[in-house]
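Structure file structure.cif; described as mmCIF, C-alpha atoms.
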data_my_file
#
loop_
_atom_site.label_atom_id
_atom_site.label_comp_id
_atom_site.auth_asym_id
_atom_site.auth_seq_id
_atom_site.Cartn_x
_atom_site.Cartn_y
_atom_site.Cartn_z
CA MET A 1 13.62 6.45 -17.06
CA ARG A 2 14.67 8.54 -14.07
CA ASN A 3 13.57 7.70 -10.54
CA ILE A 4 12.92 9.73 -7.42
CA ALA A 5 13.62 8.22 -4.00
CA LEU A 6 10.75 8.40 -1.51
CA SER A 7 11.41 9.07 2.17
CA ASN A 8 11.61 5.31 2.86
CA GLY A 9 14.11 4.71 0.04
CA VAL A 10 11.64 3.23 -2.46
CA GLU A 11 12.47 4.34 -6.01
CA MET A 12 9.52 5.83 -7.92
CA PRO A 13 9.75 6.40 -11.71
CA GLN A 14 9.45 10.13 -12.36
CA ILE A 15 7.10 9.66 -15.32
CA GLY A 16 3.98 7.56 -14.84
CA TYR A 17 1.11 6.65 -17.12
CA GLY A 18 -2.27 7.87 -15.84
CA VAL A 19 -5.51 6.11 -16.81
CA PHE A 20 -8.18 8.56 -15.60
CA GLN A 21 -11.28 8.32 -17.84
CA ILE A 22 -9.87 5.46 -19.90
CA GLY A 23 -12.21 2.48 -19.67
CA GLY A 24 -12.91 -0.98 -21.01
CA ASP A 25 -10.74 -2.71 -23.58
CA GLU A 26 -9.15 0.63 -24.50
CA CYS A 27 -7.64 0.85 -21.01
CA ALA A 28 -6.05 -2.60 -21.24
CA ARG A 29 -4.67 -1.74 -24.68
CA CYS A 30 -3.32 1.62 -23.52
CA VAL A 31 -1.61 0.14 -20.45
CA ARG A 32 -0.03 -2.59 -22.56
CA GLU A 33 1.19 -0.04 -25.14
CA ALA A 34 2.47 2.32 -22.43
CA ILE A 35 4.56 -0.49 -20.96
CA GLU A 36 5.77 -1.49 -24.43
CA THR A 37 6.79 2.15 -24.97
CA GLY A 38 8.87 2.17 -21.79
CA TYR A 39 6.59 3.27 -18.95
CA ARG A 40 7.15 1.37 -15.73
CA HIS A 41 4.85 3.41 -13.47
CA ILE A 42 1.07 2.97 -13.86
CA ASP A 43 -1.36 5.13 -11.86
CA THR A 44 -5.02 4.16 -11.39
CA ALA A 45 -7.71 4.54 -8.71
CA GLN A 46 -10.71 2.71 -7.34
CA SER A 47 -12.95 5.53 -8.54
CA TYR A 48 -11.73 5.16 -12.13
CA PHE A 49 -13.41 1.75 -12.26
CA ASN A 50 -10.65 0.35 -14.47
CA GLU A 51 -8.33 -1.48 -12.08
CA ALA A 52 -9.22 -4.84 -13.67
CA GLU A 53 -8.41 -3.44 -17.12
CA VAL A 54 -5.11 -2.07 -15.83
CA GLY A 55 -4.33 -5.53 -14.48
CA GLU A 56 -5.19 -7.06 -17.85
CA GLY A 57 -2.92 -4.60 -19.66
CA ILE A 58 -0.08 -5.46 -17.30
CA ARG A 59 -0.59 -9.17 -17.97
CA GLN A 60 -0.68 -8.60 -21.73
CA SER A 61 2.60 -6.66 -21.57
CA GLY A 62 4.54 -9.69 -20.39
CA ILE A 63 6.69 -7.50 -18.13
CA ALA A 64 7.51 -9.00 -14.73
CA ARG A 65 5.56 -7.47 -11.86
CA LYS A 66 8.76 -6.64 -9.99
CA ASP A 67 9.80 -4.35 -12.84
CA LEU A 68 6.66 -2.20 -12.57
CA PHE A 69 5.54 0.49 -10.13
CA VAL A 70 1.76 0.16 -9.69
CA ALA A 71 -0.25 2.78 -7.78
CA THR A 72 -3.92 3.06 -6.88
CA LYS A 73 -6.05 5.36 -4.74
CA VAL A 74 -8.71 4.63 -2.13
CA TRP A 75 -12.05 6.29 -2.88
CA ILE A 76 -13.78 8.30 -0.13
CA SER A 77 -16.71 5.87 0.15
CA ASN A 78 -14.18 3.23 1.17
CA TYR A 79 -12.62 5.33 3.95
CA GLY A 80 -12.60 4.09 7.52
CA TYR A 81 -10.22 1.46 8.83
CA GLU A 82 -12.04 -1.78 7.97
CA ASN A 83 -13.59 -0.41 4.77
CA THR A 84 -10.19 0.66 3.47
CA LEU A 85 -8.64 -2.73 4.17
CA ARG A 86 -11.51 -4.50 2.38
CA SER A 87 -11.31 -2.13 -0.57
CA ILE A 88 -7.59 -2.75 -1.04
CA ASP A 89 -8.24 -6.50 -1.05
CA GLY A 90 -10.56 -5.81 -3.99
CA SER A 91 -7.98 -3.62 -5.72
CA LEU A 92 -5.33 -6.31 -5.38
CA ARG A 93 -7.67 -8.90 -6.85
CA LYS A 94 -8.60 -6.72 -9.81
CA LEU A 95 -5.03 -5.69 -10.52
CA GLY A 96 -3.86 -9.29 -10.25
CA THR A 97 -1.11 -8.59 -7.77
CA ASP A 98 -0.37 -9.40 -4.14
CA TYR A 99 1.21 -6.02 -3.36
CA LEU A 100 1.06 -2.39 -4.46
CA ASP A 101 3.98 -0.04 -4.90
CA LEU A 102 1.96 2.99 -3.81
CA VAL A 103 -1.47 3.48 -2.24
CA LEU A 104 -2.93 6.97 -1.88
CA LEU A 105 -5.98 8.42 -0.15
CA HIS A 106 -7.77 10.02 -3.10
CA GLN A 107 -9.45 13.02 -1.43
CA PRO A 108 -9.09 14.96 1.86
CA PHE A 109 -12.65 14.27 3.04
CA ALA A 110 -14.62 11.79 5.21
CA ASP A 111 -12.77 9.47 7.62
CA CYS A 112 -9.25 10.20 6.41
CA TYR A 113 -7.68 9.15 9.69
CA GLY A 114 -9.32 5.74 9.81
CA ALA A 115 -8.31 5.18 6.20
CA TRP A 116 -4.76 6.34 6.88
CA HIS A 117 -4.36 3.97 9.80
CA ALA A 118 -5.39 1.17 7.43
CA LEU A 119 -2.71 2.28 4.97
CA GLU A 120 -0.17 2.25 7.80
CA LYS A 121 -1.11 -1.37 8.50
CA LEU A 122 -0.81 -2.28 4.81
CA TYR A 123 2.61 -0.64 4.75
CA ASN A 124 3.81 -2.39 7.89
CA ASP A 125 2.51 -5.72 6.53
CA GLY A 126 4.37 -5.25 3.24
CA VAL A 127 1.21 -5.07 1.13
CA ALA A 128 2.02 -1.46 0.18
CA ARG A 129 5.63 -0.45 -0.46
CA ALA A 130 4.73 3.23 -0.01
CA ILE A 131 1.68 5.24 1.07
CA GLY A 132 0.54 8.78 0.50
CA VAL A 133 -2.30 11.15 -0.25
CA SER A 134 -3.86 13.01 -3.16
CA ASN A 135 -5.40 16.49 -3.27
CA PHE A 136 -4.23 17.32 0.27
CA TYR A 137 -3.44 21.03 0.49
CA PRO A 138 -0.51 22.19 2.68
CA ASP A 139 -2.49 22.43 5.93
CA ARG A 140 -4.05 18.99 5.53
CA LEU A 141 -0.74 17.42 4.52
CA ALA A 142 1.04 18.98 7.50
CA ASP A 143 -1.71 17.65 9.78
CA MET A 144 -1.41 14.12 8.39
CA ALA A 145 2.37 14.18 8.75
CA ALA A 146 2.29 15.55 12.31
CA PHE A 147 -0.32 13.32 13.95
CA ASN A 148 0.34 9.85 12.54
CA GLY A 149 2.95 7.17 13.05
CA ILE A 150 3.91 7.25 9.37
CA ALA A 151 3.92 10.46 7.36
CA PRO A 152 2.67 10.48 3.76
CA MET A 153 5.45 9.79 1.27
CA VAL A 154 3.68 11.29 -1.77
CA ASP A 155 1.07 14.01 -2.35
CA GLN A 156 -0.55 13.97 -5.80
CA VAL A 157 -2.05 17.37 -6.64
CA GLU A 158 -3.11 19.36 -9.70
CA THR A 159 0.09 20.94 -11.02
CA HIS A 160 0.75 22.60 -14.38
CA PRO A 161 2.09 25.94 -15.70
CA PHE A 162 -1.10 27.83 -14.78
CA ASP A 163 -1.30 26.42 -11.23
CA GLN A 164 2.24 25.63 -10.17
CA GLN A 165 1.66 24.84 -6.48
CA ALA A 166 4.83 26.69 -5.40
CA ALA A 167 3.81 26.98 -1.74
CA ALA A 168 2.58 23.39 -1.65
CA HIS A 169 5.86 22.25 -3.20
CA MET A 170 7.88 24.06 -0.52
CA ASN A 171 5.71 22.46 2.17
CA MET A 172 6.23 19.01 0.67
CA ASP A 173 9.99 19.54 0.58
CA ARG A 174 9.89 20.60 4.23
CA LEU A 175 8.02 17.43 5.15
CA GLY A 176 10.04 15.09 2.95
CA VAL A 177 7.03 14.34 0.73
CA VAL A 178 7.41 13.76 -3.02
CA HIS A 179 5.27 16.06 -5.17
CA GLU A 180 3.30 14.25 -7.88
CA ALA A 181 1.39 16.16 -10.59
CA TRP A 182 -2.01 15.17 -11.91
CA ALA A 183 -3.29 16.99 -15.02
CA PRO A 184 0.20 18.23 -15.94
CA PHE A 185 -1.30 19.60 -19.18
CA GLY A 186 -4.40 20.98 -17.42
CA GLU A 187 -6.41 18.88 -19.90
CA GLY A 188 -5.54 21.56 -22.44
CA ARG A 189 -7.70 24.17 -20.70
CA SER A 190 -7.07 27.92 -21.00
CA GLY A 191 -5.27 27.38 -24.29
CA MET A 192 -2.26 25.76 -22.65
CA PHE A 193 -0.94 24.13 -25.83
CA ASP A 194 -1.25 27.43 -27.72
CA ASN A 195 0.32 29.60 -25.03
CA PRO A 196 2.89 31.86 -26.74
CA VAL A 197 5.47 31.56 -23.95
CA LEU A 198 5.36 27.76 -24.00
CA ARG A 199 5.33 27.65 -27.80
CA SER A 200 8.38 29.91 -27.98
CA ILE A 201 10.31 27.77 -25.51
CA ALA A 202 9.28 24.63 -27.41
CA ARG A 203 10.54 26.05 -30.75
CA ARG A 204 13.84 27.14 -29.20
CA ASN A 205 14.44 23.65 -27.78
CA GLY A 206 13.14 21.69 -30.77
CA LYS A 207 10.45 20.05 -28.65
CA SER A 208 6.66 20.07 -28.33
CA VAL A 209 4.79 22.16 -25.77
CA ALA A 210 3.86 18.93 -23.96
CA GLN A 211 7.53 17.96 -23.70
CA VAL A 212 8.45 21.40 -22.40
CA ILE A 213 5.77 21.16 -19.69
CA LEU A 214 6.91 17.72 -18.59
CA ARG A 215 10.56 18.76 -18.59
CA TRP A 216 9.72 21.87 -16.54
CA LEU A 217 7.94 19.71 -13.98
CA THR A 218 10.66 17.07 -13.77
CA GLN A 219 13.33 19.75 -13.36
CA ARG A 220 11.36 20.82 -10.28
CA ARG A 221 11.71 17.20 -9.01
CA ILE A 222 8.00 16.55 -9.52
CA VAL A 223 6.63 13.17 -10.61
CA VAL A 224 4.35 13.54 -13.65
CA LEU A 225 1.36 11.53 -14.90
CA PRO A 226 0.70 12.48 -18.53
CA LYS A 227 -2.31 10.79 -20.11
CA THR A 228 -2.81 9.94 -23.76
CA THR A 229 -4.43 7.07 -25.64
CA HIS A 230 -2.04 7.42 -28.61
CA LYS A 231 1.14 5.33 -28.62
CA ALA A 232 3.14 7.95 -30.54
CA ARG A 233 2.34 10.55 -27.88
CA MET A 234 3.20 8.07 -25.13
CA ALA A 235 6.68 7.89 -26.66
CA GLU A 236 6.87 11.67 -27.06
CA ASN A 237 6.00 12.19 -23.40
CA LEU A 238 8.87 9.93 -22.36
CA ASP A 239 11.38 11.70 -24.61
CA ILE A 240 12.18 14.61 -22.31
CA PHE A 241 15.56 13.81 -20.78
CA ASP A 242 17.75 14.74 -23.75
CA PHE A 243 17.41 18.48 -23.12
CA GLU A 244 17.30 20.88 -20.19
CA LEU A 245 15.39 24.12 -19.78
CA SER A 246 17.53 27.14 -19.08
CA GLY A 247 17.12 29.37 -16.07
CA ASP A 248 15.45 31.95 -18.32
CA ASP A 249 13.03 29.30 -19.63
CA MET A 250 12.16 28.21 -16.11
CA ALA A 251 11.61 31.84 -15.06
CA ALA A 252 9.39 32.52 -18.08
CA ILE A 253 7.19 29.54 -17.23
CA ARG A 254 7.12 30.60 -13.59
CA GLY A 255 5.57 33.86 -14.79
CA LEU A 256 2.53 31.96 -16.12
CA ASP A 257 1.36 30.94 -12.66
CA THR A 258 -2.14 32.16 -11.79
CA GLU A 259 -2.17 30.21 -8.49
CA THR A 260 -5.70 29.14 -9.44
CA SER A 261 -7.06 25.69 -10.20
CA LEU A 262 -8.37 24.99 -13.69
CA PHE A 263 -10.88 22.63 -12.06
CA PHE A 264 -11.94 23.51 -8.51
CA ASP A 265 -10.56 24.29 -5.06
CA HIS A 266 -10.81 21.33 -2.67
CA ARG A 267 -10.80 23.69 0.32
CA THR A 268 -14.26 25.17 -0.28
CA PRO A 269 -17.64 24.00 1.09
CA GLU A 270 -18.76 23.69 -2.51
CA ALA A 271 -16.01 21.13 -3.12
CA VAL A 272 -17.28 19.05 -0.21
CA ASP A 273 -20.80 19.19 -1.67
CA ARG A 274 -19.38 18.17 -5.04
CA PHE A 275 -17.77 15.05 -3.57
CA VAL A 276 -20.88 14.14 -1.61
CA GLY A 277 -22.61 14.20 -4.99
CA TYR A 278 -19.88 12.08 -6.58
CA ALA A 279 -20.21 9.51 -3.80
CA LYS A 280 -23.97 9.30 -4.30
CA GLU A 281 -23.61 9.00 -8.08
CA ARG A 282 -21.19 6.12 -7.71
CA ALA A 283 -23.02 4.35 -4.88
CA GLY A 284 -24.51 1.82 -7.27
CA ARG A 285 -21.03 0.83 -8.40
CA GLU A 286 -19.38 0.72 -4.99
CA THR A 287 -19.29 -3.07 -4.99
CA ASP A 288 -16.75 -2.64 -7.81
CA CYS A 289 -14.48 -0.82 -5.34
CA LYS A 290 -14.51 -3.46 -2.62
#

Rewrite the structure from the file as structure tokens, please.
Amino acid sequence: MRNIALSNGVEMPQIGYGVFQIGGDECARCVREAIETGYRHIDTAQSYFNEAEVGEGIRQSGIARKDLFVATKVWISNYGYENTLRSIDGSLRKLGTDYLDLVLLHQPFADCYGAWHALEKLYNDGVARAIGVSNFYPDRLADMAAFNGIAPMVDQVETHPFDQQAAAHMNMDRLGVVHEAWAPFGEGRSGMFDNPVLRSIARRNGKSVAQVILRWLTQRRIVVLPKTTHKARMAENLDIFDFELSGDDMAAIRGLDTETSLFFDHRTPEAVDRFVGYAKERAGRETDCK
């Protein structure tokens, strides 16, 4: 496994296992199998409602906590200074750990500043080894870096061949922020796995399209979070460091960029309305986040 150093020197494994939309006993099994396969970076979130299952999978793996990199994200309903601190206490309890390797603010809405100041406290107290944000576009990331005592160390954003986040990546480099990709396969939307450019590159390198995508991202020094519930694919997604994409391959993939999300744009009023709706939908489960 290759690591990337964050701005504070903490080493973050470049491939993590994401557990979005994996629930119940399946989540515990998947986390255990991912760790058995060789993953050492596990990414969850309060809003996934599976932190306890992630903790169970970690316990079942038998791997020492110090050998894992565990990340979670604070949900918007838990923003605000005191709310964020309380919510992280709950996350720690569910995950069965007394510290987190990375804590992110999940969305760029609501009381981000109060929540960020809470993350700064957690960082200074040693409860979080690193802190960052998720879904913060370049302007919001620059704002967070400029007007706080501690700048975000990671920004986790949608990144895949059809939305490559080139400008965001340059901004992160400028600010010393590590770029982390969610949905590196775009959940298979827009025929990504059947794309002729990606398929041609995969054949030429003797790899799968998924492996080509992950290798392309890691060659851009991006941390990736592939998700699968199948152990064989977990292993396949790790097996990407025995080849390198050529300059021509990288250029061909660069030509696939539409600069458009396959999901939605967080910068629109409609996105804010969407997340207000999400918060209301999950209100009955908020005690699970605290």

For this session: Write out as a list of chain:residue names each polymer residue whose atoms come within 10 Å of Ile63 (chain A), counting only C-alpha atoms; drop sequence neighbours fewer than 3 positions from it.
Result: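 Here the qualifying residues turn out to be A:Arg32, A:Ile35, A:Glu36, A:Arg40, A:Ile58, A:Arg59, A:Gln60, A:Lys66, A:Asp67, A:Leu68.
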
Just C-alpha atoms for this one: save the residues we selected as a PDB file, in the frame of the given file.
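Okay, this is what ended up in again07.pdb:
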ATOM      1  CA  ARG A  32      -0.030  -2.590 -22.560  1.00  0.00           C
ATOM      2  CA  ILE A  35       4.560  -0.490 -20.960  1.00  0.00           C
ATOM      3  CA  GLU A  36       5.770  -1.490 -24.430  1.00  0.00           C
ATOM      4  CA  ARG A  40       7.150   1.370 -15.730  1.00  0.00           C
ATOM      5  CA  ILE A  58      -0.080  -5.460 -17.300  1.00  0.00           C
ATOM      6  CA  ARG A  59      -0.590  -9.170 -17.970  1.00  0.00           C
ATOM      7  CA  GLN A  60      -0.680  -8.600 -21.730  1.00  0.00           C
ATOM      8  CA  LYS A  66       8.760  -6.640  -9.990  1.00  0.00           C
ATOM      9  CA  ASP A  67       9.800  -4.350 -12.840  1.00  0.00           C
ATOM     10  CA  LEU A  68       6.660  -2.200 -12.570  1.00  0.00           C
TER      11      LEU A  68
END

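The spacing separating CA of Met153 (chain A) from CA of Lys121 (chain A) amounts to 14.8 Å.
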
For this session: Write out as a PyMOL selection string which residues come within 8 Å of Gln165 (chain A) when counting only C-alpha atoms, dropping same-chain ones fewer than 5 positions away.
Result: chain A and resi 158-159+259

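Distances to Leu95 (chain A) were evaluated for A:Trp182, A:Phe193, A:Phe136, A:Phe49 using all atoms listed in the file, and the minimum falls at A:Phe49.
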
Exercise. So, counting only C-alpha atoms, which residue among A:Val223, A:Val157, A:Ala28, A:Val209 is closest to Asn50 (chain A)?
Worked result: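 Using only C-alpha atoms, the shortest distance to Asn50 (chain A) belongs to A:Ala28.
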
Problem set entry | Given the PyMOL selection byres ((chain A and resi 72) around 10), the residues it picks as a VMD selection string | chain A and resid 42 to 48 51 70 to 71 73 to 75 88 91 to 92 95 100 to 106 131

For this session: Dig up all the protein and nucleic acid residues within 12 Å of (0.8, 0.1, 8.4) in the file frame, using only C-alpha atoms, and format them as a list in words.
Result: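 Every residue inside that radius is included here: Tyr81, Leu85, Val103, Gly114, Ala115, Trp116, His117, Ala118, Leu119, Glu120, Lys121, Leu122, Tyr123, Asn124, Asp125, Gly126, Val127, Ala128, Arg129, Ala130, Ile131, Gly132, Asn148, Gly149, Ile150, Ala151 and Pro152 of chain A.
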